[in-house]
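One file, coords_27.txt, is given below (compact mmCIF, C-alpha atoms).
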# COMPACT_ATOMS: atom_id res chain seq x y z
CA MET V 1 -6.38 12.99 68.43
CA LEU V 2 -4.15 10.69 70.36
CA VAL V 3 -1.45 8.33 69.19
CA PHE V 4 0.29 6.32 71.87
CA GLY V 5 4.02 5.71 72.06
CA LEU V 6 5.41 2.32 71.03
CA ASN V 7 4.66 0.52 74.29
CA ALA V 8 1.35 2.30 74.78
CA GLN V 9 -0.01 1.09 71.46
CA GLU V 10 -0.83 -2.38 72.79
CA PRO V 11 -4.51 -2.53 73.84
CA ARG V 12 -3.74 -4.24 77.16
CA PHE V 13 -3.85 -2.89 80.68
CA GLY V 14 -0.75 -4.94 81.54
CA VAL V 15 1.56 -2.72 79.47
CA GLN V 16 2.77 0.54 80.96
CA ALA V 17 2.46 3.70 78.85
CA PRO V 18 5.59 5.82 79.49
CA LEU V 19 4.71 8.39 76.81
CA VAL V 20 1.48 9.84 75.55
CA ILE V 21 1.54 11.49 72.12
CA VAL V 22 -1.33 13.83 71.27
CA PRO V 23 -1.81 15.33 67.80
CA VAL V 24 -3.79 18.56 68.17
CA ALA V 25 -5.68 20.69 65.62
CA VAL V 26 -5.92 24.40 66.44
CA THR V 27 -8.19 26.77 64.51
CA ASP V 28 -9.71 30.21 64.91
CA ALA V 29 -13.45 30.86 65.04
CA LYS V 30 -13.62 30.79 61.23
CA GLY V 31 -12.00 27.35 60.97
CA ARG V 32 -8.60 28.60 59.77
CA SER V 33 -5.56 26.67 61.03
CA ILE V 34 -3.33 28.46 63.51
CA ASP V 35 0.41 28.01 63.12
CA GLU V 36 3.53 29.33 64.87
CA LEU V 37 2.44 28.20 68.34
CA ASP V 38 5.14 27.05 70.78
CA ALA V 39 5.13 24.42 73.52
CA LYS V 40 4.66 27.14 76.11
CA ASP V 41 1.33 28.11 74.50
CA PHE V 42 -0.25 24.72 75.30
CA VAL V 43 -1.73 23.62 78.61
CA VAL V 44 -2.04 19.82 78.89
CA LEU V 45 -4.26 18.42 81.64
CA ASP V 46 -4.29 14.70 82.49
CA ASN V 47 -7.24 14.02 84.79
CA GLY V 48 -7.09 17.70 85.64
CA ARG V 49 -3.38 17.69 86.48
CA PRO V 50 -1.03 19.95 84.43
CA GLN V 51 1.64 18.02 82.51
CA LYS V 52 5.00 19.08 81.10
CA ALA V 53 4.83 18.46 77.34
CA THR V 54 7.21 18.78 74.42
CA LEU V 55 6.07 19.84 70.96
CA ASP V 56 6.73 18.51 67.48
CA THR V 57 5.46 20.16 64.30
CA MET V 58 5.54 19.26 60.63
CA ALA V 59 8.63 21.47 60.36
CA THR V 60 10.54 19.58 63.07
CA GLY V 61 9.33 16.12 62.03
CA VAL V 62 6.44 13.96 63.22
CA ALA V 63 5.48 10.30 62.91
CA PRO V 64 4.22 9.19 59.46
CA ILE V 65 0.56 8.41 58.85
CA ALA V 66 -0.85 4.89 58.62
CA LEU V 67 -4.27 5.24 56.99
CA VAL V 68 -7.09 2.78 56.41
CA ILE V 69 -9.80 3.86 53.97
CA GLY V 70 -13.04 2.05 54.81
CA VAL V 71 -15.60 2.22 51.98
CA GLN V 72 -19.24 1.18 52.30
CA ALA V 73 -19.95 -1.07 49.35
CA SER V 74 -23.69 -1.66 49.76
CA GLY V 75 -25.82 -2.03 46.67
CA ILE V 76 -27.50 1.27 47.54
CA SER V 77 -24.06 2.92 47.39
CA LYS V 78 -23.38 2.23 43.71
CA ALA V 79 -23.52 5.92 42.80
CA VAL V 80 -21.02 6.78 45.55
CA LEU V 81 -18.61 4.04 44.49
CA ASP V 82 -18.32 5.71 41.10
CA LYS V 83 -17.11 8.84 42.90
CA VAL V 84 -14.82 6.96 45.28
CA ARG V 85 -12.94 5.39 42.38
CA LYS V 86 -11.93 8.89 41.27
CA ILE V 87 -10.18 10.05 44.45
CA GLY V 88 -7.47 7.36 44.73
CA ALA V 89 -4.74 9.52 43.20
CA MET V 90 -5.33 12.19 45.86
CA ILE V 91 -4.44 10.03 48.85
CA GLN V 92 -0.65 9.98 48.81
CA PRO V 93 0.08 13.58 47.79
CA LEU V 94 -2.56 15.13 50.05
CA VAL V 95 -2.88 12.77 53.02
CA THR V 96 -0.19 10.16 53.69
CA GLY V 97 2.83 11.59 51.87
CA GLU V 98 5.71 9.43 50.75
CA ARG V 99 6.58 8.41 54.34
CA GLY V 100 3.11 7.10 55.15
CA CYS V 101 1.02 4.18 53.95
CA ALA V 102 -2.61 3.54 53.12
CA ALA V 103 -4.88 0.48 53.03
CA VAL V 104 -8.38 -0.13 51.64
CA VAL V 105 -11.23 -2.17 53.10
CA ALA V 106 -14.71 -2.42 51.61
CA PHE V 107 -17.72 -3.43 53.68
CA SER V 108 -21.24 -4.47 52.87
CA GLU V 109 -22.64 -7.72 54.30
CA ARG V 110 -19.01 -8.88 54.44
CA ILE V 111 -15.59 -7.31 55.01
CA ASP V 112 -13.23 -7.34 52.02
CA TRP V 113 -9.60 -6.23 52.44
CA LEU V 114 -8.48 -5.02 49.01
CA GLN V 115 -5.12 -3.54 49.97
CA GLU V 116 -2.84 -3.77 53.00
CA CYS V 117 -1.05 -0.61 54.12
CA SER V 118 1.27 0.39 51.28
CA ALA V 119 3.43 3.38 50.35
CA ASP V 120 2.95 2.60 46.65
CA ALA V 121 1.16 5.59 45.09
CA ASP V 122 -0.61 3.32 42.60
CA ALA V 123 -1.85 0.78 45.13
CA ILE V 124 -4.79 2.81 46.46
CA PRO V 125 -6.28 3.83 43.08
CA ASP V 126 -6.01 0.20 41.97
CA ALA V 127 -7.72 -1.06 45.13
CA LEU V 128 -10.57 1.45 44.88
CA GLU V 129 -11.17 0.39 41.29
CA ARG V 130 -11.72 -3.18 42.49
CA ILE V 131 -14.58 -2.35 44.87
CA ARG V 132 -17.81 -4.00 43.79
CA PRO V 133 -21.25 -3.45 45.36
CA GLY V 134 -22.56 -6.14 47.67
CA GLU V 135 -25.93 -6.75 49.29
CA GLU V 136 -28.37 -3.88 48.70
CA LYS V 137 -28.55 -2.64 52.30
CA GLY V 138 -25.59 -4.41 53.90
CA GLY V 139 -23.23 -2.08 55.72
CA HIS V 140 -21.27 -3.73 58.54
CA MET V 141 -19.41 -0.55 59.41
CA LEU V 142 -18.51 -1.39 63.01
CA ASP V 143 -17.18 -4.82 62.04
CA ALA V 144 -14.94 -3.11 59.47
CA VAL V 145 -13.83 -0.47 61.98
CA ASN V 146 -12.94 -3.16 64.50
CA GLN V 147 -10.79 -5.00 61.93
CA SER V 148 -9.20 -1.72 60.84
CA ILE V 149 -8.15 -0.94 64.40
CA GLU V 150 -6.48 -4.35 64.60
CA ARG V 151 -4.62 -3.79 61.30
CA LEU V 152 -3.51 -0.30 62.33
CA GLY V 153 -2.11 -1.83 65.51
CA LYS V 154 0.68 -3.27 63.33
CA HIS V 155 2.04 0.27 62.82
CA PRO V 156 3.19 1.32 66.30
CA ASN V 157 5.38 4.22 65.20
CA SER V 158 2.74 5.92 63.05
CA ARG V 159 -0.19 8.24 63.53
CA ARG V 160 -3.07 5.82 63.06
CA VAL V 161 -6.01 7.14 61.05
CA LEU V 162 -9.21 5.56 59.75
CA LEU V 163 -11.24 7.33 57.04
CA LEU V 164 -14.78 6.02 56.60
CA ILE V 165 -16.56 6.82 53.32
CA SER V 166 -20.03 5.70 54.24
CA GLU V 167 -23.51 6.46 55.42
CA SER V 168 -23.63 7.85 58.92
CA ARG V 169 -25.07 4.74 60.57
CA ASP V 170 -24.16 1.08 60.82
CA ARG V 171 -26.22 -1.60 59.09
CA GLY V 172 -26.09 -4.99 60.75
CA SER V 173 -22.66 -5.33 62.42
CA GLU V 174 -22.09 -7.96 65.09
CA THR V 175 -19.56 -5.73 66.87
CA ALA V 176 -21.05 -3.32 69.43
CA LEU V 177 -20.38 0.41 69.25
CA ASP V 178 -19.06 0.65 72.82
CA GLN V 179 -16.59 -2.18 72.11
CA VAL V 180 -15.27 -0.32 69.07
CA LEU V 181 -15.01 2.99 70.94
CA VAL V 182 -12.88 1.44 73.66
CA ALA V 183 -10.69 -0.40 71.11
CA ALA V 184 -10.08 2.83 69.19
CA GLN V 185 -9.21 4.69 72.41
CA ARG V 186 -6.79 2.01 73.53
CA SER V 187 -5.08 1.77 70.16
CA GLY V 188 -4.84 5.49 69.51
CA VAL V 189 -6.81 5.40 66.24
CA THR V 190 -8.40 8.64 65.03
CA VAL V 191 -11.57 8.21 62.98
CA TYR V 192 -12.63 10.62 60.24
CA ALA V 193 -15.80 10.19 58.20
CA ALA V 194 -16.85 11.39 54.75
CA THR V 195 -20.58 10.74 54.99
CA TYR V 196 -23.40 10.73 52.46
CA SER V 197 -27.05 9.93 52.03
CA ALA V 198 -27.34 7.03 49.59
CA PHE V 199 -30.74 8.36 48.51
CA LYS V 200 -29.62 11.94 47.88
CA THR V 201 -26.33 10.96 46.22
CA ALA V 202 -28.11 8.58 43.84
CA TRP V 203 -30.60 11.31 42.96
CA THR V 204 -27.89 13.86 42.14
CA THR V 205 -26.21 11.30 39.88
CA ARG V 206 -29.47 10.77 37.98
CA ALA V 207 -30.13 14.52 37.91
CA SER V 208 -26.74 15.14 36.35
CA ALA V 209 -27.55 12.69 33.60
CA THR V 210 -31.07 14.05 32.92
CA GLY V 211 -30.35 17.73 33.38
CA GLU V 212 -32.86 18.19 36.21
CA ALA V 213 -32.08 21.18 38.38
CA HIS V 214 -33.66 20.78 41.81
CA PRO V 215 -33.15 17.89 44.26
CA PRO V 216 -35.97 16.75 46.52
CA LYS V 217 -36.28 18.31 49.96
CA VAL V 218 -34.18 16.61 52.59
CA PRO V 219 -35.83 15.75 55.94
CA LYS V 220 -34.66 17.95 58.80
CA ASN V 221 -34.12 15.20 61.34
CA PRO V 222 -32.05 12.19 60.82
CA SER V 223 -28.41 12.33 60.40
CA GLU V 224 -28.58 9.64 57.71
CA GLN V 225 -29.86 12.23 55.26
CA THR V 226 -27.32 14.97 55.97
CA GLY V 227 -24.53 13.57 58.11
CA THR V 228 -25.31 16.07 60.87
CA THR V 229 -27.24 15.69 64.13
CA THR V 230 -29.52 18.63 63.37
CA GLY V 231 -30.25 17.69 59.79
CA GLY V 232 -29.14 21.16 58.71
CA PRO V 233 -26.25 21.93 56.36
CA PRO V 234 -22.72 21.52 57.70
CA ALA V 235 -20.71 24.57 58.67
CA ARG V 236 -18.58 25.86 55.84
CA GLY V 237 -15.01 27.02 55.97
CA PRO V 238 -12.74 28.70 53.43
CA ALA V 239 -13.44 27.76 49.81
CA GLY V 240 -16.64 26.02 50.90
CA CYS V 241 -14.86 23.23 52.80
CA PRO V 242 -16.69 21.81 55.83
CA VAL V 243 -15.30 22.89 59.18
CA PRO V 244 -14.52 19.87 61.40
CA PRO V 245 -16.76 19.76 64.47
CA VAL V 246 -14.95 20.59 67.70
CA PRO V 247 -16.06 18.19 70.46
CA VAL V 248 -15.28 20.54 73.33
CA ALA V 249 -17.87 19.11 75.70
CA GLU V 250 -16.73 15.53 75.23
CA GLN V 251 -13.22 16.47 76.39
CA ARG V 252 -14.63 16.91 79.90
CA VAL V 253 -16.54 13.63 80.06
CA ASP V 254 -15.23 10.39 81.51
CA LEU V 255 -15.14 7.74 78.76
CA LEU V 256 -17.24 5.20 80.64
CA GLY V 257 -19.81 7.88 81.37
CA GLY V 258 -19.52 9.29 77.88
CA ILE V 259 -19.96 5.94 76.13
CA GLY V 260 -23.60 5.80 77.18
CA GLU V 261 -24.30 9.11 75.48
CA LEU V 262 -22.25 8.21 72.41
CA VAL V 263 -24.01 4.85 72.12
CA ARG V 264 -27.34 6.64 72.31
CA MET V 265 -26.18 9.00 69.56
CA GLY V 266 -24.94 6.02 67.60
CA GLN V 267 -28.49 4.75 67.23
CA THR V 268 -28.87 7.34 64.47
CA ASN V 269 -25.33 8.49 63.75
CA THR V 270 -22.57 5.95 64.26
CA THR V 271 -19.91 8.02 62.50
CA GLN V 272 -20.47 11.00 64.77
CA ALA V 273 -19.99 8.82 67.83
CA LEU V 274 -16.75 7.43 66.38
CA THR V 275 -15.29 10.78 65.33
CA GLN V 276 -16.14 12.60 68.55
CA ALA V 277 -14.76 9.83 70.74
CA THR V 278 -11.44 9.76 68.87
CA GLY V 279 -10.81 13.43 68.05
CA GLY V 280 -11.61 13.14 64.34
CA ALA V 281 -14.02 15.07 62.14
CA THR V 282 -16.95 14.53 59.77
CA PHE V 283 -17.15 15.83 56.19
CA PRO V 284 -20.63 15.38 54.64
CA PHE V 285 -20.75 15.28 50.84
CA THR V 286 -23.17 14.62 47.99
CA ARG V 287 -21.28 15.14 44.75
CA LEU V 288 -17.79 14.22 43.58
CA LYS V 289 -16.54 17.74 44.29
CA GLY V 290 -17.69 17.41 47.89
CA LEU V 291 -15.81 14.13 48.30
CA GLN V 292 -12.69 15.66 46.78
CA GLU V 293 -12.98 18.58 49.22
CA ALA V 294 -13.32 16.07 52.07
CA ILE V 295 -10.00 14.44 51.08
CA GLU V 296 -8.37 17.87 50.83
CA LYS V 297 -9.73 18.81 54.26
CA LEU V 298 -8.51 15.53 55.77
CA GLY V 299 -5.02 16.11 54.40
CA ALA V 300 -4.95 19.71 55.60
CA ASP V 301 -6.14 18.63 59.05
CA LEU V 302 -3.52 15.90 59.46
CA ASN V 303 -0.69 17.94 58.01
CA SER V 304 -1.27 21.03 60.13
CA GLN V 305 -1.32 19.23 63.47
CA TYR V 306 0.77 20.03 66.48
CA VAL V 307 2.03 16.88 68.21
CA LEU V 308 2.38 17.08 71.98
CA THR V 309 4.30 14.43 73.92
CA PHE V 310 4.34 14.01 77.67
CA GLU V 311 5.16 11.45 80.35
CA PRO V 312 2.19 11.26 82.74
CA ASP V 313 2.97 12.00 86.38
CA ASN V 314 -0.01 9.81 87.33
CA ARG V 315 0.10 6.29 85.86
CA THR V 316 -3.04 4.97 87.51
CA ALA V 317 -4.40 2.12 85.38
CA GLY V 318 -7.53 2.85 83.39
CA TYR V 319 -8.96 5.71 81.38
CA HIS V 320 -7.45 9.19 81.72
CA ASN V 321 -9.28 12.34 80.64
CA LEU V 322 -7.23 14.68 78.48
CA GLU V 323 -7.83 18.37 78.02
CA ILE V 324 -5.70 20.60 75.80
CA LYS V 325 -5.94 24.37 76.11
CA ILE V 326 -4.19 27.33 74.53
CA GLY V 327 -3.12 29.71 77.30
CA GLY V 328 -4.57 33.20 76.95
CA ARG V 329 -5.95 32.68 73.41
CA ASP V 330 -9.49 32.21 72.20
CA TYR V 331 -8.78 29.36 69.79
CA LEU V 332 -10.67 26.15 69.10
CA VAL V 333 -8.74 23.02 70.03
CA ARG V 334 -9.59 19.52 68.82
CA ALA V 335 -7.87 16.49 70.32
CA ARG V 336 -8.81 13.04 71.55
CA PRO V 337 -10.60 13.36 74.89
CA GLY V 338 -8.49 10.74 76.69
CA TYR V 339 -6.21 7.70 76.69
CA TRP V 340 -5.79 4.37 78.45
CA ALA V 341 -2.96 3.74 80.89
CA GLY V 342 -1.62 0.30 81.78
CA LEU V 343 -0.75 -1.20 85.13
CA PRO V 344 2.37 0.19 86.81
CA THR V 345 5.45 -1.96 86.44
CA PRO V 346 6.53 -3.54 89.78
Now that the file is in, can you turn its structure into structure tokens?
Amino acid sequence: MLVFGLNAQEPRFGVQAPLVIVPVAVTDAKGRSIDELDAKDFVVLDNGRPQKATLDTMATGVAPIALVIGVQASGISKAVLDKVRKIGAMIQPLVTGERGCAAVVAFSERIDWLQECSADADAIPDALERIRPGEEKGGHMLDAVNQSIERLGKHPNSRRVLLLISESRDRGSETALDQVLVAAQRSGVTVYAATYSAFKTAWTTRASATGEAHPPKVPKNPSEQTGTTTGGPPARGPAGCPVPPVPVAEQRVDLLGGIGELVRMGQTNTTQALTQATGGATFPFTRLKGLQEAIEKLGADLNSQYVLTFEPDNRTAGYHNLEIKIGGRDYLVRARPGYWAGLPTP
């Protein structure tokens, strides 16, 4: 996960990026967060070149979080919206804290901004209550993501985060996936996704009301049904929480080369393309408890990060591959796979 410094936040090649700030999640093989690491434990590679980095932790103080919550408000998502309205009170204490802010945008066939980024603890629950379903199968996710990136750009001294509560694929956006991926990379926005199947979630809501015990079988292929590429159940961590996927392979792929693969993936799973390209994670859910666990997992992920800062020794304009390693330890590291550098100042 990468958040640029003040000057680097501008999505223009004409602005030099003197500092690169990289929030990093470190876990063991069982998905448990690793703490008590020092700067000397991290190896930071910028286009393969080792960099000298400093380290901030939650204990020493890090930038506050600017969060946008993007909620799919399609007619087919009515059952999910009932659940979403119940998690508003969790956002400030578990995710943003008193120093951060959160905004809400709903998307169906149109984009509806219900709340600008606010530190008011009551603002998010109130905004979520105002979401109303739109067109039955409208879901302009990428259009909403593109607008969210622009709004988050107004918070240059924050860690910029977008949480999508949606199906795993886009429905009808005018904005292209590759355009959004580049915009997110340039602006240092990390995308997380709490994904659901509108069909399965609606069924569990009806089953709860009728007392039925067994849901229908879920197809093993498409990510739309499960939120995963394999169609199988997500990995589980402590207390049944999903373990965020670790996009190790993507950290070694040039963005322009990688976009083609991510776009191909995006034909069936837009959220996976967004989260992998930005260093985020996906939390599939079906019931209210699963959505609540997703918010808890998001908060734990953001609030256990290490934040590495370095001044690149190579300021060549364009995309730079980033790779973060833990020297001598067999840990899993999740971070944004790269950043954009501007033109050198004459």
For Asp56 in chain V: contacts at 7 Å, all atoms listed in the file, fewer than 6 positions along chain excluded, given as a VMD selection string: chain V and resid 62 306 to 308
CA of Gln115 in chain V to CA of Gly88 in chain V, straight-line distance in Å: 12.3 Å
Proximity to Ala63 in chain V - best of V:Asn47, V:Thr27, V:Thr309, V:Gln179, only C-alpha atoms: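 Of the candidates, the smallest distance to Ala63 in chain V is held by V:Thr309.
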Using all atoms listed in the file: which of V:Pro64, V:Pro23, V:Gly338, V:Gly100 has the shortest distance to Cys117 in chain V: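 Closest to Cys117 in chain V of all the choices is V:Gly100.
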Cut-off 12 Å around (-4.3, -3.6, 65.6) with only C-alpha atoms: residues as a PyMOL selection string: chain V and resi 9-12+66+68+145-156+160-162+180+183-189
